[in-house]
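Here's entry35.txt, which has compact mmCIF, N, CA and C atoms:
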```
# COMPACT_ATOMS: atom_id res chain seq x y z
N MET A 249 112.24 147.80 83.83
CA MET A 249 111.17 146.98 84.38
C MET A 249 111.13 145.65 83.64
N ASN A 250 110.98 144.60 84.37
CA ASN A 250 110.86 143.26 83.82
C ASN A 250 109.52 143.12 83.09
N PRO A 251 109.52 142.60 81.84
CA PRO A 251 108.24 142.46 81.12
C PRO A 251 107.20 141.65 81.89
N SER A 252 107.63 140.71 82.73
CA SER A 252 106.65 139.94 83.49
C SER A 252 106.00 140.77 84.59
N ASP A 253 106.53 141.96 84.85
CA ASP A 253 105.94 142.87 85.83
C ASP A 253 104.83 143.73 85.22
N GLN A 254 104.66 143.66 83.91
CA GLN A 254 103.65 144.45 83.23
C GLN A 254 102.27 143.83 83.44
N PRO A 255 101.24 144.67 83.61
CA PRO A 255 99.89 144.10 83.73
C PRO A 255 99.49 143.43 82.41
N THR A 256 98.72 142.38 82.50
CA THR A 256 98.30 141.67 81.30
C THR A 256 97.06 142.34 80.70
N ALA A 257 96.99 142.33 79.39
CA ALA A 257 95.79 142.79 78.70
C ALA A 257 95.01 141.59 78.20
N GLY A 258 95.36 140.38 78.67
CA GLY A 258 94.66 139.18 78.25
C GLY A 258 95.17 138.68 76.91
N TRP A 259 94.32 137.89 76.24
CA TRP A 259 94.69 137.28 74.97
C TRP A 259 93.42 136.98 74.18
N PHE A 260 93.61 136.69 72.89
CA PHE A 260 92.50 136.28 72.02
C PHE A 260 92.53 134.78 71.83
N GLU A 261 91.36 134.17 71.85
CA GLU A 261 91.15 132.81 71.38
C GLU A 261 90.07 132.91 70.33
N GLY A 262 90.48 132.80 69.07
CA GLY A 262 89.56 133.07 67.98
C GLY A 262 89.18 134.54 68.03
N ARG A 263 87.90 134.82 67.98
CA ARG A 263 87.46 136.22 68.03
C ARG A 263 87.10 136.66 69.44
N GLU A 264 87.28 135.76 70.42
CA GLU A 264 86.95 136.07 71.80
C GLU A 264 88.19 136.50 72.58
N HIS A 265 88.07 137.63 73.26
CA HIS A 265 89.14 138.10 74.13
C HIS A 265 88.92 137.53 75.53
N ARG A 266 90.02 137.15 76.18
CA ARG A 266 89.94 136.59 77.53
C ARG A 266 90.87 137.37 78.45
N LEU A 267 90.31 137.79 79.58
CA LEU A 267 91.06 138.59 80.56
C LEU A 267 90.87 138.00 81.94
N PRO A 268 91.97 137.52 82.56
CA PRO A 268 91.85 137.02 83.93
C PRO A 268 91.70 138.18 84.92
N VAL A 269 90.83 137.99 85.90
CA VAL A 269 90.67 138.96 87.00
C VAL A 269 90.59 138.19 88.32
N ARG A 270 91.06 138.81 89.35
CA ARG A 270 91.01 138.24 90.69
C ARG A 270 90.02 139.07 91.51
N VAL A 271 89.24 138.42 92.35
CA VAL A 271 88.32 139.13 93.22
C VAL A 271 89.08 139.59 94.46
N TYR A 272 89.09 140.89 94.68
CA TYR A 272 89.73 141.48 95.85
C TYR A 272 88.67 141.90 96.86
N TYR A 273 89.11 142.16 98.05
CA TYR A 273 88.22 142.58 99.13
C TYR A 273 87.36 143.77 98.71
N GLU A 274 87.97 144.73 98.00
CA GLU A 274 87.26 145.93 97.58
C GLU A 274 86.11 145.64 96.62
N ASP A 275 86.11 144.46 96.00
CA ASP A 275 85.07 144.08 95.04
C ASP A 275 83.84 143.49 95.71
N THR A 276 83.92 143.22 97.01
CA THR A 276 82.88 142.44 97.68
C THR A 276 82.03 143.28 98.62
N ASP A 277 80.91 142.70 99.02
CA ASP A 277 80.09 143.30 100.06
C ASP A 277 80.55 142.75 101.41
N PHE A 278 79.85 143.01 102.45
CA PHE A 278 80.29 142.61 103.79
C PHE A 278 80.27 141.09 104.00
N THR A 279 79.66 140.35 103.08
CA THR A 279 79.62 138.89 103.22
C THR A 279 80.73 138.19 102.43
N GLY A 280 81.53 138.95 101.68
CA GLY A 280 82.58 138.35 100.86
C GLY A 280 82.11 137.96 99.47
N VAL A 281 80.86 138.30 99.12
CA VAL A 281 80.32 138.04 97.78
C VAL A 281 80.55 139.29 96.93
N VAL A 282 80.87 139.07 95.65
CA VAL A 282 81.12 140.20 94.76
C VAL A 282 79.87 141.08 94.67
N TYR A 283 80.07 142.37 94.91
CA TYR A 283 79.01 143.38 94.84
C TYR A 283 78.61 143.56 93.37
N HIS A 284 77.32 143.73 93.11
CA HIS A 284 76.82 143.74 91.73
C HIS A 284 77.52 144.76 90.83
N ALA A 285 77.88 145.93 91.33
CA ALA A 285 78.53 146.95 90.51
C ALA A 285 79.94 146.53 90.08
N SER A 286 80.56 145.64 90.84
CA SER A 286 81.90 145.16 90.48
C SER A 286 81.88 144.39 89.16
N TYR A 287 80.78 143.70 88.87
CA TYR A 287 80.68 142.97 87.61
C TYR A 287 80.78 143.94 86.43
N ALA A 288 80.15 145.10 86.55
CA ALA A 288 80.22 146.10 85.48
C ALA A 288 81.66 146.55 85.26
N ARG A 289 82.43 146.69 86.34
CA ARG A 289 83.85 147.06 86.20
C ARG A 289 84.65 145.95 85.53
N TYR A 290 84.40 144.70 85.89
CA TYR A 290 85.10 143.59 85.23
C TYR A 290 84.80 143.59 83.74
N PHE A 291 83.53 143.77 83.39
CA PHE A 291 83.15 143.78 81.97
C PHE A 291 83.79 144.96 81.24
N GLU A 292 83.87 146.11 81.89
CA GLU A 292 84.52 147.28 81.29
C GLU A 292 85.98 146.99 80.99
N ARG A 293 86.67 146.37 81.93
CA ARG A 293 88.08 146.01 81.71
C ARG A 293 88.21 145.09 80.51
N GLY A 294 87.31 144.13 80.39
CA GLY A 294 87.34 143.21 79.25
C GLY A 294 87.16 143.93 77.93
N ARG A 295 86.21 144.87 77.86
CA ARG A 295 85.99 145.61 76.61
C ARG A 295 87.20 146.49 76.29
N SER A 296 87.74 147.15 77.29
CA SER A 296 88.89 148.04 77.06
C SER A 296 90.13 147.27 76.61
N ASP A 297 90.40 146.14 77.27
CA ASP A 297 91.59 145.37 76.89
C ASP A 297 91.40 144.64 75.57
N PHE A 298 90.17 144.30 75.21
CA PHE A 298 89.89 143.77 73.88
C PHE A 298 90.37 144.79 72.85
N LEU A 299 89.90 146.03 73.00
CA LEU A 299 90.28 147.07 72.05
C LEU A 299 91.78 147.31 72.05
N ARG A 300 92.39 147.33 73.23
CA ARG A 300 93.84 147.56 73.33
C ARG A 300 94.61 146.51 72.53
N LEU A 301 94.26 145.23 72.71
CA LEU A 301 94.96 144.17 71.97
C LEU A 301 94.63 144.18 70.48
N ALA A 302 93.48 144.74 70.12
CA ALA A 302 93.12 144.86 68.70
C ALA A 302 93.81 146.08 68.07
N GLY A 303 94.59 146.83 68.87
CA GLY A 303 95.32 147.98 68.35
C GLY A 303 94.56 149.29 68.44
N ILE A 304 93.49 149.32 69.23
CA ILE A 304 92.67 150.52 69.38
C ILE A 304 92.87 151.05 70.80
N HIS A 305 93.47 152.23 70.90
CA HIS A 305 93.78 152.80 72.20
C HIS A 305 92.94 154.06 72.44
N HIS A 306 92.28 154.12 73.58
CA HIS A 306 91.43 155.27 73.90
C HIS A 306 92.22 156.57 73.82
N SER A 307 93.44 156.59 74.32
CA SER A 307 94.23 157.82 74.32
C SER A 307 94.53 158.30 72.90
N ILE A 308 94.75 157.37 71.99
CA ILE A 308 95.01 157.74 70.59
C ILE A 308 93.74 158.27 69.93
N LEU A 309 92.60 157.64 70.21
CA LEU A 309 91.33 158.12 69.65
C LEU A 309 91.05 159.56 70.09
N LEU A 310 91.39 159.86 71.34
CA LEU A 310 91.16 161.22 71.86
C LEU A 310 92.14 162.24 71.30
N ALA A 311 93.34 161.79 70.91
CA ALA A 311 94.39 162.70 70.44
C ALA A 311 94.32 162.98 68.94
N GLN A 312 93.44 162.29 68.20
CA GLN A 312 93.35 162.48 66.75
C GLN A 312 92.78 163.85 66.41
N ALA A 313 93.00 164.28 65.17
CA ALA A 313 92.47 165.57 64.72
C ALA A 313 90.95 165.61 64.83
N ASP A 314 90.30 164.47 64.60
CA ASP A 314 88.84 164.33 64.73
C ASP A 314 88.60 163.34 65.88
N PRO A 315 88.74 163.79 67.15
CA PRO A 315 88.71 162.85 68.28
C PRO A 315 87.36 162.16 68.47
N SER A 316 87.45 160.97 69.04
CA SER A 316 86.23 160.23 69.36
C SER A 316 86.44 159.45 70.65
N ALA A 317 85.32 158.98 71.19
CA ALA A 317 85.33 158.19 72.42
C ALA A 317 84.15 157.23 72.34
N PHE A 318 83.99 156.42 73.38
CA PHE A 318 82.89 155.47 73.45
C PHE A 318 82.05 155.74 74.69
N VAL A 319 80.77 155.48 74.58
CA VAL A 319 79.88 155.49 75.75
C VAL A 319 79.04 154.22 75.70
N VAL A 320 78.74 153.69 76.86
CA VAL A 320 77.83 152.55 76.94
C VAL A 320 76.42 153.11 76.93
N THR A 321 75.61 152.64 75.99
CA THR A 321 74.23 153.12 75.89
C THR A 321 73.24 152.10 76.42
N ARG A 322 73.69 150.85 76.54
CA ARG A 322 72.83 149.79 77.10
C ARG A 322 73.73 148.73 77.70
N LEU A 323 73.37 148.28 78.91
CA LEU A 323 74.08 147.21 79.59
C LEU A 323 73.05 146.33 80.28
N ALA A 324 72.91 145.09 79.80
CA ALA A 324 72.00 144.14 80.41
C ALA A 324 72.84 143.00 80.98
N MET A 325 72.76 142.82 82.31
CA MET A 325 73.55 141.78 82.96
C MET A 325 72.62 140.74 83.58
N ASP A 326 73.03 139.49 83.44
CA ASP A 326 72.36 138.38 84.11
C ASP A 326 73.36 137.80 85.10
N PHE A 327 72.95 137.74 86.37
CA PHE A 327 73.79 137.18 87.42
C PHE A 327 73.37 135.73 87.61
N VAL A 328 74.29 134.80 87.35
CA VAL A 328 73.97 133.38 87.35
C VAL A 328 74.39 132.72 88.66
N LYS A 329 75.61 133.00 89.11
CA LYS A 329 76.13 132.44 90.36
C LYS A 329 76.92 133.53 91.07
N ALA A 330 77.16 133.33 92.33
CA ALA A 330 77.94 134.31 93.10
C ALA A 330 79.43 134.07 92.92
N ALA A 331 80.17 135.16 92.76
CA ALA A 331 81.63 135.12 92.83
C ALA A 331 82.00 135.62 94.22
N ARG A 332 83.13 135.13 94.72
CA ARG A 332 83.52 135.43 96.10
C ARG A 332 84.97 135.88 96.19
N ILE A 333 85.29 136.44 97.33
CA ILE A 333 86.64 136.92 97.61
C ILE A 333 87.67 135.85 97.21
N ASP A 334 88.74 136.28 96.57
CA ASP A 334 89.87 135.45 96.13
C ASP A 334 89.59 134.60 94.89
N ASP A 335 88.36 134.58 94.36
CA ASP A 335 88.09 133.80 93.15
C ASP A 335 88.96 134.30 91.99
N ALA A 336 89.42 133.36 91.17
CA ALA A 336 90.08 133.68 89.90
C ALA A 336 89.03 133.55 88.81
N LEU A 337 88.75 134.65 88.14
CA LEU A 337 87.69 134.70 87.13
C LEU A 337 88.28 135.01 85.76
N LEU A 338 87.48 134.77 84.73
CA LEU A 338 87.89 135.07 83.37
C LEU A 338 86.78 135.86 82.70
N VAL A 339 87.11 137.06 82.23
CA VAL A 339 86.17 137.89 81.47
C VAL A 339 86.33 137.51 80.00
N ARG A 340 85.24 137.12 79.38
CA ARG A 340 85.24 136.74 77.96
C ARG A 340 84.43 137.78 77.19
N THR A 341 85.05 138.36 76.17
CA THR A 341 84.44 139.46 75.45
C THR A 341 84.50 139.21 73.95
N ALA A 342 83.37 139.43 73.27
CA ALA A 342 83.32 139.35 71.82
C ALA A 342 82.58 140.57 71.29
N TYR A 343 83.24 141.33 70.43
CA TYR A 343 82.57 142.41 69.70
C TYR A 343 81.89 141.74 68.52
N ASP A 344 80.56 141.81 68.49
CA ASP A 344 79.80 141.05 67.50
C ASP A 344 79.60 141.81 66.19
N THR A 345 79.05 143.02 66.28
CA THR A 345 78.76 143.79 65.07
C THR A 345 78.98 145.27 65.33
N VAL A 346 79.19 145.99 64.23
CA VAL A 346 79.23 147.46 64.26
C VAL A 346 78.19 147.92 63.25
N ARG A 347 77.23 148.74 63.72
CA ARG A 347 76.18 149.29 62.85
C ARG A 347 76.10 150.78 63.09
N GLY A 348 76.48 151.57 62.09
CA GLY A 348 76.50 153.02 62.26
C GLY A 348 77.45 153.35 63.41
N PRO A 349 77.01 154.16 64.37
CA PRO A 349 77.89 154.50 65.49
C PRO A 349 77.90 153.43 66.59
N ARG A 350 77.03 152.41 66.47
CA ARG A 350 76.84 151.45 67.56
C ARG A 350 77.67 150.18 67.39
N MET A 351 78.13 149.67 68.53
CA MET A 351 78.84 148.40 68.59
C MET A 351 78.07 147.50 69.55
N PHE A 352 77.91 146.24 69.16
CA PHE A 352 77.17 145.27 69.97
C PHE A 352 78.17 144.23 70.48
N ILE A 353 78.18 144.03 71.79
CA ILE A 353 79.21 143.26 72.46
C ILE A 353 78.56 142.22 73.36
N THR A 354 79.09 141.00 73.34
CA THR A 354 78.64 139.92 74.21
C THR A 354 79.76 139.60 75.18
N GLN A 355 79.42 139.47 76.47
CA GLN A 355 80.43 139.18 77.48
C GLN A 355 79.93 138.14 78.46
N SER A 356 80.88 137.42 79.04
CA SER A 356 80.56 136.52 80.15
C SER A 356 81.72 136.52 81.12
N LEU A 357 81.41 136.15 82.34
CA LEU A 357 82.40 136.04 83.40
C LEU A 357 82.32 134.61 83.90
N THR A 358 83.45 133.91 83.88
CA THR A 358 83.45 132.51 84.27
C THR A 358 84.45 132.25 85.40
N ARG A 359 84.15 131.21 86.14
CA ARG A 359 85.07 130.66 87.14
C ARG A 359 85.21 129.20 86.76
N GLY A 360 86.37 128.85 86.18
CA GLY A 360 86.50 127.51 85.62
C GLY A 360 85.48 127.34 84.51
N GLU A 361 84.70 126.29 84.58
CA GLU A 361 83.64 126.03 83.58
C GLU A 361 82.32 126.71 83.94
N ASP A 362 82.21 127.25 85.14
CA ASP A 362 80.96 127.85 85.60
C ASP A 362 80.79 129.27 85.11
N VAL A 363 79.63 129.57 84.53
CA VAL A 363 79.30 130.94 84.15
C VAL A 363 78.79 131.65 85.41
N ILE A 364 79.40 132.78 85.72
CA ILE A 364 79.02 133.58 86.88
C ILE A 364 78.03 134.67 86.48
N ALA A 365 78.31 135.32 85.34
CA ALA A 365 77.45 136.41 84.87
C ALA A 365 77.59 136.55 83.36
N ARG A 366 76.56 137.12 82.74
CA ARG A 366 76.57 137.41 81.30
C ARG A 366 76.15 138.85 81.10
N ALA A 367 76.64 139.44 80.00
CA ALA A 367 76.25 140.81 79.68
C ALA A 367 76.06 140.97 78.18
N GLN A 368 75.06 141.74 77.84
CA GLN A 368 74.86 142.22 76.47
C GLN A 368 75.06 143.74 76.54
N VAL A 369 75.98 144.22 75.73
CA VAL A 369 76.36 145.63 75.81
C VAL A 369 76.19 146.29 74.45
N GLU A 370 75.65 147.49 74.48
CA GLU A 370 75.61 148.33 73.30
C GLU A 370 76.41 149.57 73.65
N ALA A 371 77.43 149.85 72.84
CA ALA A 371 78.25 151.05 73.03
C ALA A 371 78.15 151.88 71.76
N ALA A 372 78.35 153.17 71.91
CA ALA A 372 78.30 154.06 70.76
C ALA A 372 79.58 154.87 70.69
N CYS A 373 80.01 155.11 69.48
CA CYS A 373 81.13 156.00 69.23
C CYS A 373 80.55 157.42 69.19
N ILE A 374 81.23 158.34 69.88
CA ILE A 374 80.72 159.72 69.95
C ILE A 374 81.85 160.71 69.68
N THR A 375 81.44 161.92 69.35
CA THR A 375 82.37 163.05 69.29
C THR A 375 82.59 163.53 70.72
N LEU A 376 83.53 164.42 70.92
CA LEU A 376 83.81 164.89 72.28
C LEU A 376 82.68 165.73 72.86
N ASP A 377 81.79 166.24 72.01
CA ASP A 377 80.64 166.97 72.55
C ASP A 377 79.42 166.05 72.72
N GLY A 378 79.63 164.73 72.59
CA GLY A 378 78.59 163.76 72.91
C GLY A 378 77.68 163.34 71.78
N ARG A 379 77.93 163.81 70.57
CA ARG A 379 77.09 163.41 69.44
C ARG A 379 77.54 162.07 68.86
N PRO A 380 76.60 161.23 68.47
CA PRO A 380 76.99 159.96 67.85
C PRO A 380 77.74 160.19 66.54
N ARG A 381 78.68 159.32 66.28
CA ARG A 381 79.43 159.38 65.02
C ARG A 381 79.84 157.97 64.63
N ARG A 382 80.04 157.77 63.36
CA ARG A 382 80.54 156.47 62.92
C ARG A 382 81.99 156.31 63.38
N PRO A 383 82.38 155.11 63.77
CA PRO A 383 83.79 154.89 64.10
C PRO A 383 84.66 155.15 62.88
N SER A 384 85.90 155.52 63.11
CA SER A 384 86.82 155.78 62.01
C SER A 384 87.04 154.51 61.19
N ARG A 385 87.46 154.70 59.96
CA ARG A 385 87.75 153.56 59.08
C ARG A 385 88.82 152.66 59.70
N GLU A 386 89.84 153.28 60.34
CA GLU A 386 90.92 152.51 60.97
C GLU A 386 90.38 151.63 62.10
N LEU A 387 89.47 152.18 62.89
CA LEU A 387 88.89 151.42 63.99
C LEU A 387 88.09 150.23 63.46
N VAL A 388 87.26 150.47 62.46
CA VAL A 388 86.44 149.39 61.88
C VAL A 388 87.33 148.33 61.25
N GLU A 389 88.40 148.74 60.56
CA GLU A 389 89.31 147.77 59.94
C GLU A 389 90.03 146.93 60.99
N ALA A 390 90.39 147.54 62.13
CA ALA A 390 91.04 146.79 63.21
C ALA A 390 90.07 145.77 63.81
N LEU A 391 88.79 146.10 63.89
CA LEU A 391 87.79 145.19 64.47
C LEU A 391 87.30 144.13 63.49
N ARG A 392 87.32 144.43 62.19
CA ARG A 392 86.68 143.57 61.18
C ARG A 392 87.02 142.08 61.33
N PRO A 393 88.30 141.68 61.50
CA PRO A 393 88.57 140.23 61.61
C PRO A 393 88.04 139.60 62.89
N LEU A 394 87.63 140.43 63.85
CA LEU A 394 87.16 139.92 65.14
C LEU A 394 85.64 139.96 65.29
N LEU A 395 84.94 140.49 64.29
CA LEU A 395 83.48 140.58 64.32
C LEU A 395 82.85 139.30 63.80
N LEU A 396 81.55 139.13 64.11
CA LEU A 396 80.82 138.00 63.55
C LEU A 396 80.81 138.11 62.03
N PRO A 397 80.90 136.99 61.33
CA PRO A 397 80.82 137.06 59.86
C PRO A 397 79.46 137.63 59.44
N GLN A 398 79.49 138.46 58.41
CA GLN A 398 78.24 139.04 57.88
C GLN A 398 77.55 138.00 57.01
N SER A 399 76.23 137.87 57.21
CA SER A 399 75.50 136.86 56.41
C SER A 399 74.84 137.49 55.23
```
Structure rendered as structure tokens:
Amino acid sequence: MNPSDQPTAGWFEGREHRLPVRVYYEDTDFTGVVYHASYARYFERGRSDFLRLAGIHHSILLAQADPSAFVVTRLAMDFVKAARIDDALLVRTAYDTVRGPRMFITQSLTRGEDVIARAQVEAACITLDGRPRRPSRELVEALRPLLLPQS
């Protein structure tokens, strides 16, 4: 397979991850405007690919002797402008802080210079039976250079 045939996981600019997404028909309502739930999927892709490029893979976390996963415990979205069929958008993701089992994430979706939507996300690291747990030392070390500086 040609490397250019591989799906992109985006890139980092400073501590912000950027992931291009295209609006497809399946993302829209009957008027061609992006359906509100599609924004949550775009933001999820941004968070997942941020972790992937930071060297944190969900499949590896699950396969460890002490497996862990993530759950979203809070998602607050602000819809600023409408995105439409065929738009080229950019998901911008920054993992801000890690406190105990919780991670605080800031995201935005842009079209060119225009902000389409913003999200504040709280995710928690959990055991496979759903109990909160602190992220592994390896996970925190992989994220540390990408987090907000501690004051």
Kindly assemble as a Markdown table a list of the range 291-311 of chain A residues that lie within 12 Å of range 370-382 of chain A, each paired with its nearest atom pair and their distance in Å to one decimal, using only C-alpha atoms, sorted first by chain and then by ascending residue number.
```
| residue | atom | partner | partner_atom | distance |
| --- | --- | --- | --- | --- |
| A:Glu292 | CA | A:Ala371 | CA | 11.0 |
| A:Arg295 | CA | A:Ala371 | CA | 10.1 |
| A:Ser296 | CA | A:Ala371 | CA | 11.8 |
| A:His306 | CA | A:Cys373 | CA | 11.3 |
| A:Leu309 | CA | A:Thr375 | CA | 10.2 |
| A:Leu310 | CA | A:Leu376 | CA | 8.2 |
| A:Ala311 | CA | A:Leu376 | CA | 11.0 |
```
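Shown here are all protein and nucleic acid residues lying within 7 Å of (82.9, 136.8, 65.0), with only C-alpha atoms considered: Arg263, Asp344, Leu394, Leu395, Leu396 and Pro397 of chain A.
Among the candidate residues A:Pro255, A:Thr321, A:Val339, A:Ile364, the one lying nearest to Arg293 in chain A is A:Val339, with distances computed using only N, CA and C atoms.
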To one decimal place, how far is atom C of Arg392 in chain A from CA of Ile308 in chain A in Å?
19.9 Å
Within chain A, find each residue whose DSSP state, derived from the backbone, is strand (DSSP E or B), and express the selection as a PyMOL selection string.
chain A and resi 259-261+264-270+276+281-282+317-327+332+336-347+350-359+362-374+380
Contacts of Gly280 in chain A at 5 Å or less, counting all atoms listed in the file, minus same-chain residues fewer than 2 places along, as a count of residues only?
6
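Considering only C-alpha atoms, the residue among A:Val388, A:Val319, A:Val269, A:Pro383 positioned nearest to Arg289 in chain A is A:Val269.
You will find atom C of Ser356 in chain A at 17.8 Å from CA of Leu301 in chain A.
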Interatomic distance, CA of Val363 in chain A to CA of Trp259 in chain A (Å, one decimal):
19.0 Å
Kindly indicate which residue among A:Glu264, A:Tyr273, A:Gly258, A:Val369 lies nearest to Arg322 in chain A, using all atoms listed in the file for the distances.
A:Val369
For Arg359 in chain A, list every protein, DNA or RNA residue within 12 Å, evaluated using only C-alpha atoms, and leave out those in the same chain fewer than 6 positions away; present the list as a VMD selection string.
chain A and resid 267 to 271 328 to 332 334 to 340 365
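Ranking A:Pro393, A:Ala302, A:Ala288, A:Gln355 by their shortest atom-to-atom distance to Gly262 in chain A, with all atoms listed in the file included, puts A:Pro393 first.
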